[in-house]
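Q: Dumping the structure here so I can ask a few things about it.
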Amino acid sequence: MKKLILLVIILINSSNILSQKNKTIDTAYVSYFQNTRETPYLHLNKTSFLKGEEIWFQAYVIEQNSKKLHKTTSNLYVSLFNDQKQIKDQFLIHIKNGIGRGSIVLDSTFTEGNYYIKASTNWMKNFKESNSYNQKIKIISSIKKEKKLIEEKEFYEFKIFPEGGHILESTINNLGILIKDKNGEGVKIKSGNIKNKSKKIIANFKTNFFGLGNVNFFFKKNENYVFEATLENGVIIKATSQKAKKNGITLRVVNSNPNFLSINLKTNKNSLPKLTQSDITVFIHNTNKYKKFNVKFNVKSHKYALLINKKELPVGLNTITVFNNNKPILERLIFINNKSLFSKIETKNTAINSDSLEVNLKNTTNETTHVSASFLPLITKAYTPQNSIVTSAFFKPFIKGDIQNFNYYFTEINQKKLRELDLLLITQGWTKYKWNDIFNNKPKTNFIFENGINITLKSNAKSKNPVLMYSPENNILREIKSLKAPYLLKNTFVKKNSIVKFGVKSHGNIFETTPILSYSKNSLKETLNYDHKTKNSELDYSSFKYLPNDFEFLNEVIVKANKRKTESNVFQATTLFNSFKMKDIMIRSGETVMDFVSYKTEKRLNNINGTRVTSPKKKENISKGKISEKTSRTKYLEALAKETASAMPGSLLGLSIIINGNNMSHNPSILERMPLEDVEEISFGDKSPRKSGIVYIKTLTPLQLKTKKTKMKIIKLPYGFMNEKEFYNPKYPSYSNKTFKHFGAIYWKPNIIIPANSSISFKIPKNQQKKIKMFMEGMSEKGKVISEEVILN
């Protein structure tokens, strides 16, 4: 055997093994991954919801090559699909420095059942391989359903995965094993065996708690093998291996050594004559970097091994592809662990009182970290994401499906977990990138890299006058010289349903104008090609009905108050008995301050101490036509004070007029010439209860007058980015109810920025819980990921 098999161990640096014949692999690979690619991830506050709640999320967009937060991505589309995978709604999220946030209200248009959330960008459509984020969510039914009886053995999945992709006869092969139940959960078997066509057991196997296992054995020529697994419940399930090839190479990777990676290539006697004439290349790559090794077979050797220092390989997920004369024949995923991939946040909590908890997050690294955190009851069933930021950053760019039980592999990582992760990667098969596309179909840039929304303004009037565009909430204040020709407003980040005002300037005034607005691409045509089996929770139901939210109309009713100065402000006098702001009053055309003061003063006098005081002389003279209504107001006001003084001795000796702090009592006729629309506020009061009546008048400033005379057209934008809101919860009927403990939410904290070597603290409600579970996701500025589950007491 020693003469037939020569084991060649190669300790080699890739810089010394460049091959002229393999330049086509290098060139095609570098060209295919030349353009940057984006990987979005949404950290949801939950994945199961009650009707009336809101889906809260923080979006992270990762640049695939650097594996850091994407600095230039700005437009992320979040689409919502129903259970029939028809799009229900779509939202545009503003991404700044790789991060954005938003929320989706689960209103009365949502029914119980499954929905899907998808996040992607326009630029991603240039690539065949989708890096889009997908997550199934569920709205819990308020009706208890009966459990359906299911025949168990019909719902088990038993698959065999030859390492590298195929089986070779007359040699030893390594096969990965995967067994799942009807819910897509891995199954640990009681026993497993492999039988030949004579039903003789020739090998045994087992699986771990995630249904993963492997077995090495010699495949005989013209032999068929049956795999039998006995489950803990006694059910026996079977699978048949694929047919073995007569010629080729097998692959066996050993990744258990922390310092070295062993790649073993084996062949059979029939294959050697052709292989000696072939160029065999082992290509290790991660779409950004690669290492290349050449192997030359000879007639005396059936087995070759590469022993590679892991320091020479890119950290994270890599793909090993074996080429025969530039044709890919074997492929396998491996994970190179390194402490540079992960970061950790220290968490402490302190009870403030019976209602609140203070949470302290400490960043002990030398780089700023961005995280988001969801706080749920301890026994929650509402948080079962199919992906984390770890799998999105390291696995999503390569694998076709989801990494199940990802928290297990990346929490307190050790060699045992890394070996089990390696078992999982055997069952993933080849990567999502097809070598035929890499060699022949370089991605074409048919979809632009978006940056905000472009708005084109047109006018039918063809006026040469300047146009003002004003929107405080969108931070827009722009004067456009003219709309005689269309005007392009580039790269705006306007909010959907926000208000923008337009006015045209003419002779120092501003008049309404209504331009025609058109928008660049503001939606994405999306389909959903995603399915993920989740644990059957058919019996989960809510004892809460639809949860109305007391804050639904917060944006519709806004109350503002200006704080007044306590010094030298006549409107702060404690003796004021009535104050009127003109913006709150309907003002008739041509109405003056005299009209208003006359009416309010007379009305006030009529109600002093329940005594009605009128002016019969004024009424008589007007009725007889001796004085006109318009010309008599000043005299009437003067007479009214005298008449009131005689009718109510000592109550009012005269009326004082204070305008903007100046005493204008000597010139009451000024009120006749002052338009009421030029006044901000009028207040009435007494210096003392029985001495003198006072009217305080505050006029608009010159700037306010100019603004008031500006008439601008108000337009609500139908398109734009989602508004970012502060978190709030609906009012749950109970915090002790099982429904709340299983599916309720306690708190959501997005946009947590922790500078290097520092900490932050914030308060969260307890909601009568003794323990709270925190789910934290995030990434540092250098691309280290954070994914933690912490219990707060």
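The way I read the labels, and the way they are meant: chains A, B, ... in the order of the structure tokens, residue 1 as the first residue of every chain, and ligand 1 as the first ligand shown, with later ones counted on from there.
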Would you pick out the contacts of Asp107 (chain A) at 9 Å or less, using only C-alpha atoms, so that residues sharing its chain but fewer than 5 positions from it are not included, and give the list as a list in words?

A: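 Final neighbour list, sorted by chain and number: Lys51, Gly52, Glu53, Glu54, Tyr546 and Pro548 of chain A.
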
Q: Those selected residues, please, written with all heavy atoms and delivered as a compact mmCIF listing (two decimals), in the first residue's frame.

A:
# COMPACT_ATOMS: atom_id res chain seq x y z
N LYS A 51 -52.15 41.62 16.43
CA LYS A 51 -52.80 42.64 15.59
C LYS A 51 -52.86 43.97 16.33
O LYS A 51 -53.28 44.04 17.48
CB LYS A 51 -54.20 42.18 15.19
CG LYS A 51 -54.21 41.02 14.20
CD LYS A 51 -55.60 40.75 13.68
CE LYS A 51 -56.10 41.86 12.79
NZ LYS A 51 -57.40 41.57 12.17
N GLY A 52 -52.42 45.03 15.63
CA GLY A 52 -52.39 46.34 16.24
C GLY A 52 -51.01 46.76 16.68
O GLY A 52 -50.78 47.93 16.98
N GLU A 53 -50.07 45.80 16.74
CA GLU A 53 -48.69 46.15 17.07
C GLU A 53 -48.00 46.76 15.84
O GLU A 53 -48.60 46.92 14.78
CB GLU A 53 -47.92 44.91 17.54
CG GLU A 53 -48.29 44.45 18.93
CD GLU A 53 -47.38 43.35 19.43
OE1 GLU A 53 -47.10 42.40 18.65
OE2 GLU A 53 -46.97 43.40 20.59
N GLU A 54 -46.74 47.05 16.00
CA GLU A 54 -45.96 47.65 14.93
C GLU A 54 -44.65 46.88 14.79
O GLU A 54 -44.05 46.46 15.79
CB GLU A 54 -45.68 49.12 15.25
CG GLU A 54 -45.21 49.93 14.06
CD GLU A 54 -45.56 51.42 14.19
OE1 GLU A 54 -46.33 51.76 15.12
OE2 GLU A 54 -45.09 52.21 13.38
N TYR A 546 -57.78 42.90 18.77
CA TYR A 546 -57.01 43.96 18.11
C TYR A 546 -56.60 45.02 19.13
O TYR A 546 -57.41 45.49 19.92
CB TYR A 546 -57.85 44.58 16.99
CG TYR A 546 -57.15 45.66 16.22
CD1 TYR A 546 -56.26 45.33 15.20
CD2 TYR A 546 -57.37 47.00 16.51
CE1 TYR A 546 -55.62 46.32 14.49
CE2 TYR A 546 -56.73 47.99 15.80
CZ TYR A 546 -55.84 47.64 14.78
OH TYR A 546 -55.20 48.63 14.07
N PRO A 548 -55.82 48.54 19.91
CA PRO A 548 -55.85 49.91 19.41
C PRO A 548 -54.71 50.70 20.02
O PRO A 548 -54.29 50.44 21.14
CB PRO A 548 -57.21 50.44 19.90
CG PRO A 548 -57.51 49.62 21.11
CD PRO A 548 -56.91 48.26 20.87

Q: Could you name the residues that touch region 365-372 of chain A at 7 Å or less, counting only C-alpha atoms, but leaving out those on the same chain fewer than 2 positions away, as a PDB file with C-alpha atoms, in the first residue's frame?

A:
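Okay, out_5.pdb is ready:
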ATOM      1  CA  GLN A  58     -33.040  48.736  12.213  1.00  0.00           C
ATOM      2  CA  ASN A 363     -17.856  49.124  24.573  1.00  0.00           C
ATOM      3  CA  LYS A 749     -33.998  50.688  21.241  1.00  0.00           C
ATOM      4  CA  PRO A 750     -32.515  51.403  17.787  1.00  0.00           C
ATOM      5  CA  ASN A 751     -29.661  53.681  16.774  1.00  0.00           C
ATOM      6  CA  ILE A 752     -27.453  52.951  19.780  1.00  0.00           C
ATOM      7  CA  ILE A 753     -24.026  54.442  19.091  1.00  0.00           C
ATOM      8  CA  ILE A 754     -21.313  53.560  21.610  1.00  0.00           C
ATOM      9  CA  PRO A 755     -17.980  55.348  21.055  1.00  0.00           C
ATOM     10  CA  ALA A 756     -14.697  53.525  21.603  1.00  0.00           C
ATOM     11  CA  ASN A 757     -13.894  52.662  25.231  1.00  0.00           C
ATOM     12  CA  MET A 776     -28.818  42.798  20.538  1.00  0.00           C
ATOM     13  CA  GLU A 777     -27.406  43.009  17.007  1.00  0.00           C
ATOM     14  CA  GLY A 778     -24.851  45.385  15.537  1.00  0.00           C
ATOM     15  CA  MET A 779     -21.526  46.090  13.898  1.00  0.00           C
ATOM     16  CA  SER A 780     -18.411  48.096  14.679  1.00  0.00           C
ATOM     17  CA  GLU A 781     -16.865  50.615  12.306  1.00  0.00           C
TER      18      GLU A 781
END

Q: Quick check for you: according to DSSP on this backbone, which residues of region 227-363 of chain A are classed as alpha helix (DSSP H)? Reply as a PyMOL selection string.

A: chain A and resi 272-275

Q: Those residues with all heavy atoms, as an mmCIF file, in the first residue's frame please?

A:
data_model
loop_
_atom_site.group_PDB
_atom_site.id
_atom_site.type_symbol
_atom_site.label_atom_id
_atom_site.label_comp_id
_atom_site.auth_asym_id
_atom_site.auth_seq_id
_atom_site.Cartn_x
_atom_site.Cartn_y
_atom_site.Cartn_z
ATOM 1 N N LEU A 272 -6.238 7.582 -12.834
ATOM 2 C CA LEU A 272 -4.878 8.099 -12.839
ATOM 3 C C LEU A 272 -4.316 8.410 -14.229
ATOM 4 O O LEU A 272 -3.677 9.450 -14.411
ATOM 5 C CB LEU A 272 -3.948 7.124 -12.115
ATOM 6 C CG LEU A 272 -3.816 7.330 -10.608
ATOM 7 C CD1 LEU A 272 -2.898 6.288 -9.994
ATOM 8 C CD2 LEU A 272 -3.290 8.722 -10.308
ATOM 9 N N PRO A 273 -4.514 7.548 -15.244
ATOM 10 C CA PRO A 273 -3.901 7.850 -16.558
ATOM 11 C C PRO A 273 -4.291 9.221 -17.103
ATOM 12 O O PRO A 273 -3.448 9.965 -17.607
ATOM 13 C CB PRO A 273 -4.434 6.719 -17.450
ATOM 14 C CG PRO A 273 -4.675 5.588 -16.514
ATOM 15 C CD PRO A 273 -5.180 6.229 -15.249
ATOM 16 N N LYS A 274 -5.559 9.600 -16.959
ATOM 17 C CA LYS A 274 -5.993 10.912 -17.449
ATOM 18 C C LYS A 274 -5.526 12.039 -16.533
ATOM 19 O O LYS A 274 -5.162 13.125 -16.992
ATOM 20 C CB LYS A 274 -7.515 10.950 -17.590
ATOM 21 C CG LYS A 274 -8.046 10.149 -18.767
ATOM 22 C CD LYS A 274 -9.542 10.352 -18.923
ATOM 23 C CE LYS A 274 -10.057 9.594 -20.144
ATOM 24 N NZ LYS A 274 -11.515 9.798 -20.335
ATOM 25 N N LEU A 275 -5.529 11.783 -15.218
ATOM 26 C CA LEU A 275 -5.158 12.836 -14.265
ATOM 27 C C LEU A 275 -3.694 13.222 -14.390
ATOM 28 O O LEU A 275 -3.322 14.371 -14.115
ATOM 29 C CB LEU A 275 -5.466 12.383 -12.835
ATOM 30 C CG LEU A 275 -6.945 12.311 -12.454
ATOM 31 C CD1 LEU A 275 -7.112 11.752 -11.042
ATOM 32 C CD2 LEU A 275 -7.605 13.689 -12.548
#

Q: Between CA of Glu420 (chain A) and CA of Lys291 (chain A), what is the spacing in Å?

A: 25.0 Å

Q: Using only C-alpha atoms, which protein or nucleic acid residues come within 6 Å of Ser142 (chain A)? Drop anything in the same chain fewer than 6 positions from it, and give the result as a PDB file with all heavy atoms, in the first residue's frame.

A:
ATOM      1  N   TYR A 541     -52.039  30.997  19.977  1.00  0.00           N
ATOM      2  CA  TYR A 541     -53.112  31.943  19.693  1.00  0.00           C
ATOM      3  C   TYR A 541     -53.090  33.039  20.752  1.00  0.00           C
ATOM      4  O   TYR A 541     -52.492  32.904  21.815  1.00  0.00           O
ATOM      5  CB  TYR A 541     -54.480  31.243  19.661  1.00  0.00           C
ATOM      6  CG  TYR A 541     -55.013  30.858  21.023  1.00  0.00           C
ATOM      7  CD1 TYR A 541     -55.964  31.654  21.666  1.00  0.00           C
ATOM      8  CD2 TYR A 541     -54.557  29.716  21.667  1.00  0.00           C
ATOM      9  CE1 TYR A 541     -56.441  31.311  22.915  1.00  0.00           C
ATOM     10  CE2 TYR A 541     -55.037  29.367  22.919  1.00  0.00           C
ATOM     11  CZ  TYR A 541     -55.975  30.166  23.537  1.00  0.00           C
ATOM     12  OH  TYR A 541     -56.448  29.831  24.767  1.00  0.00           O
ATOM     13  N   SER A 542     -53.752  34.151  20.442  1.00  0.00           N
ATOM     14  CA  SER A 542     -53.755  35.315  21.323  1.00  0.00           C
ATOM     15  C   SER A 542     -55.093  35.446  22.029  1.00  0.00           C
ATOM     16  O   SER A 542     -56.152  35.319  21.413  1.00  0.00           O
ATOM     17  CB  SER A 542     -53.481  36.579  20.500  1.00  0.00           C
ATOM     18  OG  SER A 542     -53.756  37.735  21.256  1.00  0.00           O
ATOM     19  N   SER A 543     -55.018  35.725  23.330  1.00  0.00           N
ATOM     20  CA  SER A 543     -56.252  36.011  24.068  1.00  0.00           C
ATOM     21  C   SER A 543     -56.585  37.498  24.000  1.00  0.00           C
ATOM     22  O   SER A 543     -57.583  37.938  24.549  1.00  0.00           O
ATOM     23  CB  SER A 543     -56.099  35.575  25.529  1.00  0.00           C
ATOM     24  OG  SER A 543     -55.037  36.268  26.142  1.00  0.00           O
TER      25      SER A 543
END

Q: Can you list every residue in region 269-375 of chain A that DSSP puts in strand (DSSP E), as a PyMOL selection string?

A: chain A and resi 280-285+290-295+303-309+316-324+327-336+345-351+356-363+369-375

Q: What are the nearest atom pairs, with distances in Å to one decimal, for all residues of region 302-421 of chain A that come at most 9 Å from region 512-532 of chain A, using only C-alpha atoms, set out by chain and rising residue number as CSV?

A:
residue,atom,partner,partner_atom,distance
A:Gln386,CA,A:His532,CA,8.2
A:Gly401,CA,A:His532,CA,8.5
A:Asp402,CA,A:His532,CA,8.2

Q: Can I get the selected residues back with N, CA, C and O atoms, as a PDB file, in the first residue's frame?

A:
ATOM      1  N   GLN A 386     -34.666  33.928  11.088  1.00  0.00           N
ATOM      2  CA  GLN A 386     -33.937  32.923  10.313  1.00  0.00           C
ATOM      3  C   GLN A 386     -32.473  33.326  10.081  1.00  0.00           C
ATOM      4  O   GLN A 386     -31.658  32.498   9.698  1.00  0.00           O
ATOM      5  N   GLY A 401     -29.288  28.971   1.112  1.00  0.00           N
ATOM      6  CA  GLY A 401     -30.376  28.978   2.088  1.00  0.00           C
ATOM      7  C   GLY A 401     -30.017  29.758   3.330  1.00  0.00           C
ATOM      8  O   GLY A 401     -29.229  30.696   3.306  1.00  0.00           O
ATOM      9  N   ASP A 402     -30.612  29.336   4.457  1.00  0.00           N
ATOM     10  CA  ASP A 402     -30.370  29.978   5.751  1.00  0.00           C
ATOM     11  C   ASP A 402     -29.521  29.061   6.628  1.00  0.00           C
ATOM     12  O   ASP A 402     -29.578  27.837   6.507  1.00  0.00           O
TER      13      ASP A 402
END

Q: Work out how far CA of Lys738 (chain A) is from CA of Ile772 (chain A), in Å to one decimal.

A: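 Result for CA of Ile772 (chain A) versus CA of Lys738 (chain A): 14.8 Å, one decimal.
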
Q: If we count only C-alpha atoms and set the cut-off at 8 Å, which residues sit around Ile499 (chain A), ignoring sequence neighbours fewer than 4 positions away in its own chain? Please answer as a list in words.

A: Ser471, Glu473, Ile714, Ile715, Lys716 and Leu717 of chain A

Q: Create the file for the chosen residues now, containing N, CA, C and O atoms and written as a compact mmCIF listing (two decimals), in the first residue's frame.

A:
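Final output, saved to selection-v9.txt:
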# COMPACT_ATOMS: atom_id res chain seq x y z
N SER A 471 -39.40 73.69 2.49
CA SER A 471 -39.88 72.56 3.28
C SER A 471 -38.96 72.35 4.47
O SER A 471 -37.90 71.73 4.35
N GLU A 473 -39.21 70.40 7.11
CA GLU A 473 -39.00 69.01 7.54
C GLU A 473 -38.08 68.25 6.59
O GLU A 473 -37.51 67.23 6.98
N ILE A 714 -49.25 74.73 -1.00
CA ILE A 714 -48.85 73.60 -0.17
C ILE A 714 -49.11 72.30 -0.93
O ILE A 714 -50.22 72.05 -1.40
N ILE A 715 -48.06 71.49 -1.06
CA ILE A 715 -48.17 70.21 -1.77
C ILE A 715 -47.67 69.10 -0.85
O ILE A 715 -46.58 69.20 -0.26
N LYS A 716 -48.45 68.04 -0.70
CA LYS A 716 -48.03 66.86 0.06
C LYS A 716 -47.38 65.87 -0.91
O LYS A 716 -48.01 65.46 -1.89
N LEU A 717 -46.12 65.51 -0.63
CA LEU A 717 -45.38 64.65 -1.55
C LEU A 717 -45.88 63.20 -1.45
O LEU A 717 -45.87 62.62 -0.36
